[in-house]
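Peer 1: You'll find start-v1.cif just under this line, and it carries mmCIF, N, CA and C atoms.
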```
data_entry
loop_
_atom_site.label_atom_id
_atom_site.label_comp_id
_atom_site.auth_asym_id
_atom_site.auth_seq_id
_atom_site.Cartn_x
_atom_site.Cartn_y
_atom_site.Cartn_z
N GLN T 128 26.42 -28.67 -15.65
CA GLN T 128 25.16 -27.94 -15.70
C GLN T 128 24.33 -28.29 -14.47
N VAL T 129 23.83 -27.27 -13.82
CA VAL T 129 23.06 -27.48 -12.61
C VAL T 129 21.67 -27.98 -12.95
N GLN T 130 21.24 -28.99 -12.21
CA GLN T 130 19.90 -29.52 -12.37
C GLN T 130 19.27 -29.77 -11.02
N LEU T 131 17.99 -29.48 -10.94
CA LEU T 131 17.17 -29.88 -9.81
C LEU T 131 16.09 -30.79 -10.36
N VAL T 132 16.02 -32.02 -9.86
CA VAL T 132 15.08 -32.99 -10.40
C VAL T 132 14.16 -33.46 -9.28
N GLU T 133 12.89 -33.12 -9.43
CA GLU T 133 11.89 -33.51 -8.45
C GLU T 133 11.32 -34.89 -8.78
N SER T 134 10.92 -35.60 -7.75
CA SER T 134 10.27 -36.89 -7.93
C SER T 134 9.36 -37.15 -6.74
N GLY T 135 8.48 -38.14 -6.89
CA GLY T 135 7.62 -38.54 -5.78
C GLY T 135 6.18 -38.08 -5.89
N GLY T 136 5.88 -37.29 -6.90
CA GLY T 136 4.51 -36.86 -7.08
C GLY T 136 3.61 -38.00 -7.54
N GLY T 137 2.32 -37.75 -7.52
CA GLY T 137 1.38 -38.77 -7.98
C GLY T 137 -0.03 -38.46 -7.54
N LEU T 138 -0.88 -39.46 -7.66
CA LEU T 138 -2.29 -39.34 -7.29
C LEU T 138 -2.49 -40.01 -5.94
N VAL T 139 -3.14 -39.29 -5.03
CA VAL T 139 -3.39 -39.82 -3.70
C VAL T 139 -4.77 -39.36 -3.23
N GLN T 140 -5.37 -40.14 -2.37
CA GLN T 140 -6.68 -39.76 -1.84
C GLN T 140 -6.52 -38.78 -0.69
N THR T 141 -7.59 -38.06 -0.43
CA THR T 141 -7.62 -37.15 0.72
C THR T 141 -7.22 -37.90 1.99
N GLY T 142 -6.32 -37.26 2.75
CA GLY T 142 -5.83 -37.87 3.97
C GLY T 142 -4.58 -38.70 3.78
N GLY T 143 -4.20 -38.93 2.54
CA GLY T 143 -3.02 -39.74 2.26
C GLY T 143 -1.73 -38.95 2.39
N SER T 144 -0.63 -39.64 2.09
CA SER T 144 0.70 -39.05 2.23
C SER T 144 1.52 -39.28 0.97
N LEU T 145 2.44 -38.35 0.74
CA LEU T 145 3.44 -38.48 -0.31
C LEU T 145 4.74 -37.89 0.21
N ARG T 146 5.84 -38.38 -0.34
CA ARG T 146 7.13 -37.82 -0.02
C ARG T 146 7.81 -37.38 -1.31
N LEU T 147 8.02 -36.10 -1.43
CA LEU T 147 8.71 -35.56 -2.59
C LEU T 147 10.20 -35.50 -2.33
N SER T 148 10.96 -35.72 -3.39
CA SER T 148 12.42 -35.59 -3.31
C SER T 148 12.89 -34.65 -4.39
N CYS T 149 13.96 -33.96 -4.11
CA CYS T 149 14.58 -33.07 -5.09
C CYS T 149 16.08 -33.36 -5.06
N ALA T 150 16.56 -33.95 -6.14
CA ALA T 150 17.99 -34.26 -6.25
C ALA T 150 18.68 -33.12 -6.99
N ALA T 151 19.71 -32.59 -6.40
CA ALA T 151 20.37 -31.41 -6.95
C ALA T 151 21.79 -31.72 -7.39
N SER T 152 22.08 -31.38 -8.62
CA SER T 152 23.46 -31.52 -9.09
C SER T 152 24.12 -30.16 -8.98
N ILE T 153 24.25 -29.69 -7.75
CA ILE T 153 24.81 -28.38 -7.46
C ILE T 153 26.11 -28.57 -6.70
N ARG T 154 27.13 -27.93 -7.20
CA ARG T 154 28.38 -27.91 -6.44
C ARG T 154 28.14 -27.09 -5.19
N SER T 155 28.66 -27.50 -4.09
CA SER T 155 28.45 -26.81 -2.81
C SER T 155 26.97 -26.73 -2.46
N PHE T 156 26.28 -27.83 -2.62
CA PHE T 156 24.84 -27.90 -2.31
C PHE T 156 24.58 -27.39 -0.90
N SER T 157 25.46 -27.69 0.02
CA SER T 157 25.24 -27.31 1.41
C SER T 157 25.32 -25.80 1.63
N SER T 158 25.69 -25.05 0.60
CA SER T 158 25.71 -23.59 0.70
C SER T 158 24.38 -22.96 0.32
N TYR T 159 23.46 -23.78 -0.16
CA TYR T 159 22.20 -23.26 -0.69
C TYR T 159 21.04 -23.49 0.27
N ALA T 160 20.23 -22.46 0.41
CA ALA T 160 18.91 -22.65 0.99
C ALA T 160 18.03 -23.29 -0.08
N MET T 161 17.11 -24.13 0.36
CA MET T 161 16.25 -24.85 -0.59
C MET T 161 14.80 -24.58 -0.25
N GLY T 162 13.99 -24.56 -1.29
CA GLY T 162 12.58 -24.33 -1.07
C GLY T 162 11.71 -25.24 -1.92
N TRP T 163 10.54 -25.53 -1.41
CA TRP T 163 9.49 -26.20 -2.18
C TRP T 163 8.38 -25.18 -2.44
N PHE T 164 7.98 -25.11 -3.69
CA PHE T 164 6.93 -24.20 -4.12
C PHE T 164 5.86 -25.02 -4.82
N ARG T 165 4.69 -24.43 -5.00
CA ARG T 165 3.66 -25.13 -5.76
C ARG T 165 2.85 -24.13 -6.57
N GLN T 166 2.29 -24.64 -7.64
CA GLN T 166 1.45 -23.81 -8.50
C GLN T 166 0.26 -24.64 -8.93
N ALA T 167 -0.91 -24.21 -8.48
CA ALA T 167 -2.15 -24.86 -8.87
C ALA T 167 -2.66 -24.22 -10.15
N PRO T 168 -3.50 -24.92 -10.90
CA PRO T 168 -4.02 -24.37 -12.16
C PRO T 168 -4.70 -23.03 -11.93
N GLY T 169 -4.31 -22.04 -12.73
CA GLY T 169 -4.93 -20.73 -12.64
C GLY T 169 -4.47 -19.89 -11.47
N LYS T 170 -3.51 -20.38 -10.72
CA LYS T 170 -3.03 -19.64 -9.55
C LYS T 170 -1.55 -19.34 -9.69
N GLU T 171 -1.09 -18.40 -8.88
CA GLU T 171 0.32 -18.04 -8.89
C GLU T 171 1.13 -19.06 -8.10
N ARG T 172 2.40 -19.14 -8.44
CA ARG T 172 3.30 -20.00 -7.70
C ARG T 172 3.47 -19.44 -6.28
N GLU T 173 3.48 -20.34 -5.31
CA GLU T 173 3.60 -19.92 -3.93
C GLU T 173 4.62 -20.79 -3.18
N LEU T 174 5.21 -20.19 -2.16
CA LEU T 174 6.15 -20.91 -1.33
C LEU T 174 5.39 -21.85 -0.39
N VAL T 175 5.83 -23.09 -0.34
CA VAL T 175 5.26 -24.07 0.57
C VAL T 175 6.12 -24.22 1.81
N SER T 176 7.42 -24.42 1.58
CA SER T 176 8.33 -24.64 2.70
C SER T 176 9.75 -24.35 2.27
N ALA T 177 10.59 -24.01 3.24
CA ALA T 177 11.99 -23.72 2.95
C ALA T 177 12.87 -24.24 4.07
N ILE T 178 14.12 -24.51 3.73
CA ILE T 178 15.06 -25.00 4.72
C ILE T 178 16.40 -24.33 4.50
N HIS T 179 16.98 -23.90 5.58
CA HIS T 179 18.27 -23.22 5.55
C HIS T 179 19.36 -24.20 5.12
N TRP T 180 20.52 -23.67 4.74
CA TRP T 180 21.58 -24.52 4.22
C TRP T 180 22.00 -25.61 5.20
N ASN T 181 21.94 -25.31 6.49
CA ASN T 181 22.38 -26.30 7.47
C ASN T 181 21.22 -27.04 8.12
N GLY T 182 20.01 -26.77 7.64
CA GLY T 182 18.84 -27.44 8.18
C GLY T 182 18.34 -26.91 9.50
N ALA T 183 19.02 -25.91 10.04
CA ALA T 183 18.66 -25.42 11.37
C ALA T 183 17.37 -24.61 11.36
N ASN T 184 17.14 -23.89 10.29
CA ASN T 184 15.94 -23.06 10.17
C ASN T 184 15.03 -23.62 9.09
N THR T 185 13.75 -23.65 9.40
CA THR T 185 12.76 -24.04 8.41
C THR T 185 11.61 -23.04 8.42
N HIS T 186 10.88 -23.06 7.33
CA HIS T 186 9.75 -22.15 7.18
C HIS T 186 8.62 -22.91 6.49
N TYR T 187 7.39 -22.65 6.93
CA TYR T 187 6.23 -23.29 6.32
C TYR T 187 5.14 -22.27 6.06
N ALA T 188 4.45 -22.46 4.96
CA ALA T 188 3.24 -21.68 4.72
C ALA T 188 2.20 -22.10 5.75
N ASP T 189 1.36 -21.17 6.13
CA ASP T 189 0.34 -21.47 7.15
C ASP T 189 -0.55 -22.64 6.72
N SER T 190 -0.79 -22.75 5.44
CA SER T 190 -1.71 -23.77 4.93
C SER T 190 -1.18 -25.19 5.08
N VAL T 191 0.12 -25.34 5.32
CA VAL T 191 0.69 -26.69 5.41
C VAL T 191 1.31 -26.98 6.77
N LYS T 192 1.34 -26.00 7.64
CA LYS T 192 1.94 -26.20 8.97
C LYS T 192 1.26 -27.37 9.69
N GLY T 193 2.09 -28.23 10.28
CA GLY T 193 1.56 -29.38 11.00
C GLY T 193 1.29 -30.58 10.11
N ARG T 194 1.33 -30.39 8.79
CA ARG T 194 1.07 -31.50 7.86
C ARG T 194 2.30 -31.85 7.01
N PHE T 195 3.07 -30.83 6.66
CA PHE T 195 4.24 -31.04 5.80
C PHE T 195 5.52 -30.87 6.63
N THR T 196 6.55 -31.63 6.25
CA THR T 196 7.85 -31.52 6.90
C THR T 196 8.94 -31.48 5.83
N ILE T 197 9.77 -30.47 5.89
CA ILE T 197 10.89 -30.36 4.95
C ILE T 197 12.16 -30.85 5.66
N SER T 198 13.02 -31.48 4.89
CA SER T 198 14.29 -31.94 5.43
C SER T 198 15.30 -31.99 4.29
N ARG T 199 16.57 -32.13 4.64
CA ARG T 199 17.60 -32.22 3.61
C ARG T 199 18.71 -33.15 4.07
N ASP T 200 19.36 -33.74 3.09
CA ASP T 200 20.52 -34.58 3.34
C ASP T 200 21.64 -34.03 2.46
N ASN T 201 22.52 -33.26 3.07
CA ASN T 201 23.57 -32.62 2.29
C ASN T 201 24.57 -33.62 1.72
N ALA T 202 24.68 -34.78 2.34
CA ALA T 202 25.58 -35.81 1.81
C ALA T 202 25.04 -36.39 0.51
N LYS T 203 23.73 -36.32 0.34
CA LYS T 203 23.09 -36.86 -0.87
C LYS T 203 22.63 -35.77 -1.82
N ASN T 204 22.90 -34.52 -1.48
CA ASN T 204 22.45 -33.39 -2.32
C ASN T 204 20.95 -33.47 -2.60
N THR T 205 20.20 -33.75 -1.57
CA THR T 205 18.76 -33.98 -1.76
C THR T 205 17.97 -33.26 -0.66
N VAL T 206 16.84 -32.71 -1.07
CA VAL T 206 15.89 -32.12 -0.13
C VAL T 206 14.57 -32.86 -0.29
N TYR T 207 13.87 -33.01 0.82
CA TYR T 207 12.63 -33.79 0.85
C TYR T 207 11.47 -32.93 1.35
N LEU T 208 10.28 -33.35 0.95
CA LEU T 208 9.06 -32.76 1.50
C LEU T 208 8.11 -33.90 1.82
N GLN T 209 7.96 -34.19 3.10
CA GLN T 209 6.99 -35.20 3.55
C GLN T 209 5.64 -34.52 3.70
N MET T 210 4.66 -35.02 2.97
CA MET T 210 3.34 -34.40 2.98
C MET T 210 2.34 -35.40 3.54
N ASN T 211 1.75 -35.07 4.66
CA ASN T 211 0.76 -35.92 5.31
C ASN T 211 -0.60 -35.25 5.34
N ASN T 212 -1.62 -36.05 5.55
CA ASN T 212 -2.99 -35.53 5.63
C ASN T 212 -3.29 -34.60 4.45
N LEU T 213 -3.04 -35.09 3.27
CA LEU T 213 -3.21 -34.27 2.08
C LEU T 213 -4.66 -33.94 1.83
N LYS T 214 -4.87 -32.75 1.28
CA LYS T 214 -6.21 -32.25 0.99
C LYS T 214 -6.32 -31.93 -0.51
N PRO T 215 -7.51 -31.90 -1.05
CA PRO T 215 -7.66 -31.57 -2.47
C PRO T 215 -7.02 -30.23 -2.83
N GLU T 216 -7.04 -29.29 -1.91
CA GLU T 216 -6.45 -27.97 -2.20
C GLU T 216 -4.92 -28.01 -2.26
N ASP T 217 -4.31 -29.15 -1.93
CA ASP T 217 -2.87 -29.31 -2.09
C ASP T 217 -2.51 -29.72 -3.52
N THR T 218 -3.49 -29.99 -4.34
CA THR T 218 -3.24 -30.37 -5.72
C THR T 218 -2.53 -29.25 -6.47
N ALA T 219 -1.38 -29.57 -7.05
CA ALA T 219 -0.57 -28.56 -7.73
C ALA T 219 0.66 -29.24 -8.32
N VAL T 220 1.36 -28.50 -9.14
CA VAL T 220 2.71 -28.90 -9.53
C VAL T 220 3.66 -28.35 -8.46
N TYR T 221 4.48 -29.22 -7.93
CA TYR T 221 5.42 -28.84 -6.87
C TYR T 221 6.82 -28.70 -7.46
N TYR T 222 7.42 -27.56 -7.16
CA TYR T 222 8.73 -27.22 -7.68
C TYR T 222 9.74 -27.09 -6.55
N CYS T 223 10.94 -27.52 -6.85
CA CYS T 223 12.07 -27.35 -5.96
C CYS T 223 12.88 -26.15 -6.46
N ALA T 224 13.45 -25.39 -5.55
CA ALA T 224 14.28 -24.25 -5.93
C ALA T 224 15.45 -24.12 -4.97
N ALA T 225 16.51 -23.50 -5.47
CA ALA T 225 17.71 -23.30 -4.68
C ALA T 225 18.20 -21.87 -4.82
N ASP T 226 18.66 -21.32 -3.73
CA ASP T 226 19.27 -19.99 -3.76
C ASP T 226 20.24 -19.87 -2.59
N THR T 227 21.32 -19.16 -2.81
CA THR T 227 22.30 -18.99 -1.73
C THR T 227 21.82 -18.01 -0.66
N ILE T 228 20.77 -17.26 -0.98
CA ILE T 228 20.27 -16.25 -0.05
C ILE T 228 18.92 -16.71 0.50
N TRP T 229 18.89 -16.95 1.78
CA TRP T 229 17.67 -17.43 2.46
C TRP T 229 16.48 -16.50 2.19
N ARG T 230 16.73 -15.21 2.25
CA ARG T 230 15.65 -14.24 2.13
C ARG T 230 14.98 -14.30 0.76
N THR T 231 15.77 -14.65 -0.27
CA THR T 231 15.21 -14.76 -1.61
C THR T 231 14.10 -15.80 -1.65
N ILE T 232 14.28 -16.88 -0.89
CA ILE T 232 13.29 -17.95 -0.89
C ILE T 232 12.11 -17.59 0.00
N VAL T 233 12.35 -17.15 1.20
CA VAL T 233 11.24 -16.97 2.14
C VAL T 233 10.42 -15.72 1.87
N THR T 234 10.92 -14.81 1.04
CA THR T 234 10.13 -13.63 0.69
C THR T 234 9.67 -13.70 -0.76
N PHE T 235 9.63 -14.90 -1.29
CA PHE T 235 9.31 -15.09 -2.71
C PHE T 235 7.95 -14.54 -3.11
N THR T 236 7.95 -13.87 -4.24
CA THR T 236 6.72 -13.55 -4.95
C THR T 236 6.96 -13.91 -6.41
N THR T 237 5.91 -14.01 -7.18
CA THR T 237 6.08 -14.39 -8.58
C THR T 237 6.91 -13.38 -9.36
N MET T 238 6.97 -12.16 -8.85
CA MET T 238 7.81 -11.16 -9.52
C MET T 238 9.29 -11.51 -9.36
N GLY T 239 9.58 -12.35 -8.36
CA GLY T 239 10.97 -12.73 -8.12
C GLY T 239 11.36 -14.05 -8.74
N MET T 240 10.53 -14.55 -9.65
CA MET T 240 10.79 -15.86 -10.26
C MET T 240 12.17 -15.92 -10.89
N ASP T 241 12.51 -14.92 -11.66
CA ASP T 241 13.79 -14.94 -12.37
C ASP T 241 14.97 -14.71 -11.44
N GLY T 242 14.70 -14.24 -10.24
CA GLY T 242 15.78 -13.97 -9.30
C GLY T 242 16.27 -15.18 -8.54
N MET T 243 15.53 -16.29 -8.63
CA MET T 243 15.93 -17.51 -7.95
C MET T 243 17.11 -18.13 -8.70
N ASP T 244 18.09 -18.63 -7.94
CA ASP T 244 19.26 -19.19 -8.61
C ASP T 244 18.89 -20.36 -9.53
N TYR T 245 18.14 -21.32 -9.00
CA TYR T 245 17.80 -22.50 -9.78
C TYR T 245 16.38 -22.97 -9.47
N TRP T 246 15.73 -23.48 -10.52
CA TRP T 246 14.40 -24.10 -10.40
C TRP T 246 14.45 -25.50 -10.98
N GLY T 247 13.66 -26.38 -10.39
CA GLY T 247 13.42 -27.66 -11.02
C GLY T 247 12.24 -27.54 -11.97
N LYS T 248 11.91 -28.65 -12.64
CA LYS T 248 10.83 -28.63 -13.62
C LYS T 248 9.49 -29.03 -13.03
N GLY T 249 9.49 -29.52 -11.82
CA GLY T 249 8.25 -29.79 -11.13
C GLY T 249 7.78 -31.23 -11.18
N THR T 250 6.95 -31.57 -10.20
CA THR T 250 6.30 -32.88 -10.14
C THR T 250 4.85 -32.65 -9.73
N LEU T 251 3.94 -33.36 -10.38
CA LEU T 251 2.51 -33.13 -10.17
C LEU T 251 2.01 -33.95 -8.99
N VAL T 252 1.30 -33.26 -8.11
CA VAL T 252 0.62 -33.91 -6.99
C VAL T 252 -0.88 -33.68 -7.16
N THR T 253 -1.64 -34.77 -7.19
CA THR T 253 -3.09 -34.68 -7.33
C THR T 253 -3.73 -35.39 -6.15
N VAL T 254 -4.57 -34.65 -5.44
CA VAL T 254 -5.26 -35.21 -4.28
C VAL T 254 -6.73 -35.31 -4.61
N SER T 255 -7.26 -36.52 -4.63
CA SER T 255 -8.66 -36.72 -4.98
C SER T 255 -9.52 -36.70 -3.71
N SER T 256 -10.73 -36.19 -3.90
CA SER T 256 -11.64 -36.07 -2.76
C SER T 256 -12.47 -37.33 -2.59
#
```
For this file, produce the structure as structure tokens.
Peer 2:
Amino acid sequence: QVQLVESGGGLVQTGGSLRLSCAASIRSFSSYAMGWFRQAPGKERELVSAIHWNGANTHYADSVKGRFTISRDNAKNTVYLQMNNLKPEDTAVYYCAADTIWRTIVTFTTMGMDGMDYWGKGTLVTVSS
């Protein structure tokens, strides 16, 4: 059974850093594009960052460019999100997702939630002011 398990969330002050990890029990993990998404209370889920199967291409939401860095280790079946200079508006549940089609991740809308191959259950990030 495929699982995506996020970890690394927590409470941090404004300006602080966190590193999220997503461990995937996916056969052929290196065939999947991976994405980090977030959903704040009362808001729709949004794409934060994505990484191509080979790590060559990455994508960032404008709101996190220059602060967040996505990476992956295909030998460990893990994708990471390094978050620096965190702001209160980064507070959300962060979800990891996997899909074999890059476009599915980078063109994500909430209407496409069911179209994603796999979702994790999320990890909460709270940034205090």
Peer 1: Give one line per residue of range 196-246 of chain T that approaches range 141-151 of chain T to at most 6.5 Å, naming the two atoms of the closest pair and their distance in Å to one decimal, counting only N, CA and C atoms; sort by chain then ascending residue number and deliver it as JSON lines.
Peer 2:
```
{"residue": "T:Lys203", "atom": "C", "partner": "T:Ala151", "partner_atom": "N", "distance": 6.3}
{"residue": "T:Asn204", "atom": "C", "partner": "T:Ala151", "partner_atom": "N", "distance": 4.1}
{"residue": "T:Thr205", "atom": "CA", "partner": "T:Cys149", "partner_atom": "C", "distance": 4.3}
{"residue": "T:Val206", "atom": "C", "partner": "T:Cys149", "partner_atom": "N", "distance": 4.0}
{"residue": "T:Tyr207", "atom": "CA", "partner": "T:Leu147", "partner_atom": "C", "distance": 4.4}
{"residue": "T:Leu208", "atom": "N", "partner": "T:Leu147", "partner_atom": "C", "distance": 3.9}
{"residue": "T:Gln209", "atom": "CA", "partner": "T:Arg146", "partner_atom": "CA", "distance": 4.4}
{"residue": "T:Met210", "atom": "N", "partner": "T:Leu145", "partner_atom": "C", "distance": 4.0}
{"residue": "T:Asn211", "atom": "CA", "partner": "T:Ser144", "partner_atom": "CA", "distance": 4.4}
{"residue": "T:Asn212", "atom": "CA", "partner": "T:Gly142", "partner_atom": "C", "distance": 4.0}
{"residue": "T:Leu213", "atom": "C", "partner": "T:Gly142", "partner_atom": "N", "distance": 3.8}
{"residue": "T:Lys214", "atom": "N", "partner": "T:Gly142", "partner_atom": "N", "distance": 5.0}
{"residue": "T:Pro215", "atom": "N", "partner": "T:Thr141", "partner_atom": "CA", "distance": 5.5}
{"residue": "T:Cys223", "atom": "CA", "partner": "T:Cys149", "partner_atom": "CA", "distance": 6.3}
```
Peer 1: As a ChimeraX atom specification, please: the residues near Leu138 in chain T (cut-off 8 Å, only N, CA and C atoms, same-chain neighbours under 6 positions excluded).
Peer 2: /T:251-255
Peer 1: Hey, can you spit out that residue selection with N, CA and C atoms as a short mmCIF file (atom, residue, chain, number, x, y, z; two decimals), in the frame of the given file?
Peer 2:
```
data_model
loop_
_atom_site.label_atom_id
_atom_site.label_comp_id
_atom_site.auth_asym_id
_atom_site.auth_seq_id
_atom_site.Cartn_x
_atom_site.Cartn_y
_atom_site.Cartn_z
N LEU T 251 3.94 -33.36 -10.38
CA LEU T 251 2.51 -33.13 -10.17
C LEU T 251 2.01 -33.95 -8.99
N VAL T 252 1.30 -33.26 -8.11
CA VAL T 252 0.62 -33.91 -6.99
C VAL T 252 -0.88 -33.68 -7.16
N THR T 253 -1.64 -34.77 -7.19
CA THR T 253 -3.09 -34.68 -7.33
C THR T 253 -3.73 -35.39 -6.15
N VAL T 254 -4.57 -34.65 -5.44
CA VAL T 254 -5.26 -35.21 -4.28
C VAL T 254 -6.73 -35.31 -4.61
N SER T 255 -7.26 -36.52 -4.63
CA SER T 255 -8.66 -36.72 -4.98
C SER T 255 -9.52 -36.70 -3.71
#
```
Peer 1: Restricting the calculation to all atoms listed in the file: of T:Ser176, T:Ser134, T:Thr250, T:Ser158, which residue gets closest to Thr227 in chain T?
Peer 2: T:Ser158
Peer 1: Quick one, how far is CA of Glu133 in chain T from CA of Arg172 in chain T?
Peer 2: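 Spanning CA of Glu133 in chain T to CA of Arg172 in chain T is a straight-line distance of 16.0 Å.
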Peer 1: Measuring atom to atom with only C-alpha atoms, identify which of T:Phe156, T:Trp229, T:Tyr245, T:Tyr222 is nearest to Gly136 in chain T.
Peer 2: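 Once distances to Gly136 in chain T are computed over only C-alpha atoms, the minimum belongs to T:Tyr222.
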Peer 1: Using only N, CA and C atoms, can you tell me which of T:Gln140, T:Ser190, T:Ala224, T:Thr185 comes closest to Ala160 in chain T?
Peer 2: T:Ala224
Peer 1: Give me every strand (DSSP E or B) residue in chain T, going by DSSP on the backbone, as number ranges by chain.
Peer 2: T: 131-134, 137-140, 145-151, 160-166, 173-178, 185-187, 195-200, 205-210, 219-226, 245-246, 250-255
Peer 1: Rounded to one decimal place, report the atom N of Val139 in chain T-atom N of Ala177 in chain T distance in Å.
Peer 2: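 Computed distance, atom N of Val139 in chain T to atom N of Ala177 in chain T, equals 22.1 Å.
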Peer 1: Of the candidates T:Ile178, T:Ala225, T:Val233, T:Ala202, which one gets nearest to Gln130 in chain T if we count only C-alpha atoms?
Peer 2: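 For Gln130 in chain T, the nearest of the candidates is T:Ala225.
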Peer 1: How many Å lie between CA of Gln128 in chain T and atom C of Arg154 in chain T, rounded to one decimal?
Peer 2: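 Taking CA of Gln128 in chain T as the start and atom C of Arg154 in chain T as the end point, the length is 11.0 Å.
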Peer 1: Please give the complete set of residues from chain T that DSSP, run on the backbone, assigns to alpha helix (DSSP H), formatted as a ChimeraX atom specification.
Peer 2: /T:229-233
Peer 1: I need the chosen residues saved as a compact mmCIF listing (two decimals), in the frame of the given file, with N, CA and C atoms.
Peer 2:
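New file out-v9.txt:
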```
# COMPACT_ATOMS: atom_id res chain seq x y z
N TRP T 229 18.89 -16.95 1.78
CA TRP T 229 17.67 -17.43 2.46
C TRP T 229 16.48 -16.50 2.19
N ARG T 230 16.73 -15.21 2.25
CA ARG T 230 15.65 -14.24 2.13
C ARG T 230 14.98 -14.30 0.76
N THR T 231 15.77 -14.65 -0.27
CA THR T 231 15.21 -14.76 -1.61
C THR T 231 14.10 -15.80 -1.65
N ILE T 232 14.28 -16.88 -0.89
CA ILE T 232 13.29 -17.95 -0.89
C ILE T 232 12.11 -17.59 0.00
N VAL T 233 12.35 -17.15 1.20
CA VAL T 233 11.24 -16.97 2.14
C VAL T 233 10.42 -15.72 1.87
```
Peer 1: Counting only C-alpha atoms, figure out which residue out of T:Ser152, T:Ser157, T:Thr237, T:Gln166 gets nearest to Tyr221 in chain T.
Peer 2: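 Distance minimum relative to Tyr221 in chain T lands on T:Gln166.
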Peer 1: Box for range 233-252 of chain T: with edges along x, y and z, all listed atoms inside and 8 Å added on each side, what are the centre and edge lengths in Å to one decimal, as lines of an AutoDock Vina configuration file?
Peer 2:
```
center_x = 9.2
center_y = -22.6
center_z = -5.7
size_x = 36.1
size_y = 38.8
size_z = 31.8
```
Peer 1: Just want the 7 Å neighbourhood of Ala167 in chain T, counted on all atoms listed in the file, with same-chain residues fewer than 4 positions away dropped. Output as a count of residues only.
Peer 2: 6
Peer 1: Pick from T:Asp241, T:Met161, T:Gly249, T:Leu131: nearest to Ile228 in chain T, with only N, CA and C atoms counted?
Peer 2: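 Under the stated criterion, the closest residue is T:Met161.
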Peer 1: If you apply the PyMOL selection byres (((chain T and resi 174 and name CA) around 7) and name CA) to this file, what residues do you get, as a PDB file with N, CA and C atoms, in the coordinates of the input?
Peer 2:
```pdb
ATOM      1  N   TRP T 163      10.540 -25.530  -1.410  1.00  0.00           N
ATOM      2  CA  TRP T 163       9.490 -26.200  -2.180  1.00  0.00           C
ATOM      3  C   TRP T 163       8.380 -25.180  -2.440  1.00  0.00           C
ATOM      4  N   PHE T 164       7.980 -25.110  -3.690  1.00  0.00           N
ATOM      5  CA  PHE T 164       6.930 -24.200  -4.120  1.00  0.00           C
ATOM      6  C   PHE T 164       5.860 -25.020  -4.820  1.00  0.00           C
ATOM      7  N   ARG T 165       4.690 -24.430  -5.000  1.00  0.00           N
ATOM      8  CA  ARG T 165       3.660 -25.130  -5.760  1.00  0.00           C
ATOM      9  C   ARG T 165       2.850 -24.130  -6.570  1.00  0.00           C
ATOM     10  N   GLU T 173       3.480 -20.340  -5.310  1.00  0.00           N
ATOM     11  CA  GLU T 173       3.600 -19.920  -3.930  1.00  0.00           C
ATOM     12  C   GLU T 173       4.620 -20.790  -3.180  1.00  0.00           C
ATOM     13  N   VAL T 175       5.830 -23.090  -0.340  1.00  0.00           N
ATOM     14  CA  VAL T 175       5.260 -24.070   0.570  1.00  0.00           C
ATOM     15  C   VAL T 175       6.120 -24.220   1.810  1.00  0.00           C
ATOM     16  N   SER T 176       7.420 -24.420   1.580  1.00  0.00           N
ATOM     17  CA  SER T 176       8.330 -24.640   2.700  1.00  0.00           C
ATOM     18  C   SER T 176       9.750 -24.350   2.270  1.00  0.00           C
ATOM     19  N   ALA T 188       4.450 -22.460   4.960  1.00  0.00           N
ATOM     20  CA  ALA T 188       3.240 -21.680   4.720  1.00  0.00           C
ATOM     21  C   ALA T 188       2.200 -22.100   5.750  1.00  0.00           C
ATOM     22  N   PHE T 235       9.630 -14.900  -1.290  1.00  0.00           N
ATOM     23  CA  PHE T 235       9.310 -15.090  -2.710  1.00  0.00           C
ATOM     24  C   PHE T 235       7.950 -14.540  -3.110  1.00  0.00           C
TER      25      PHE T 235
END
```
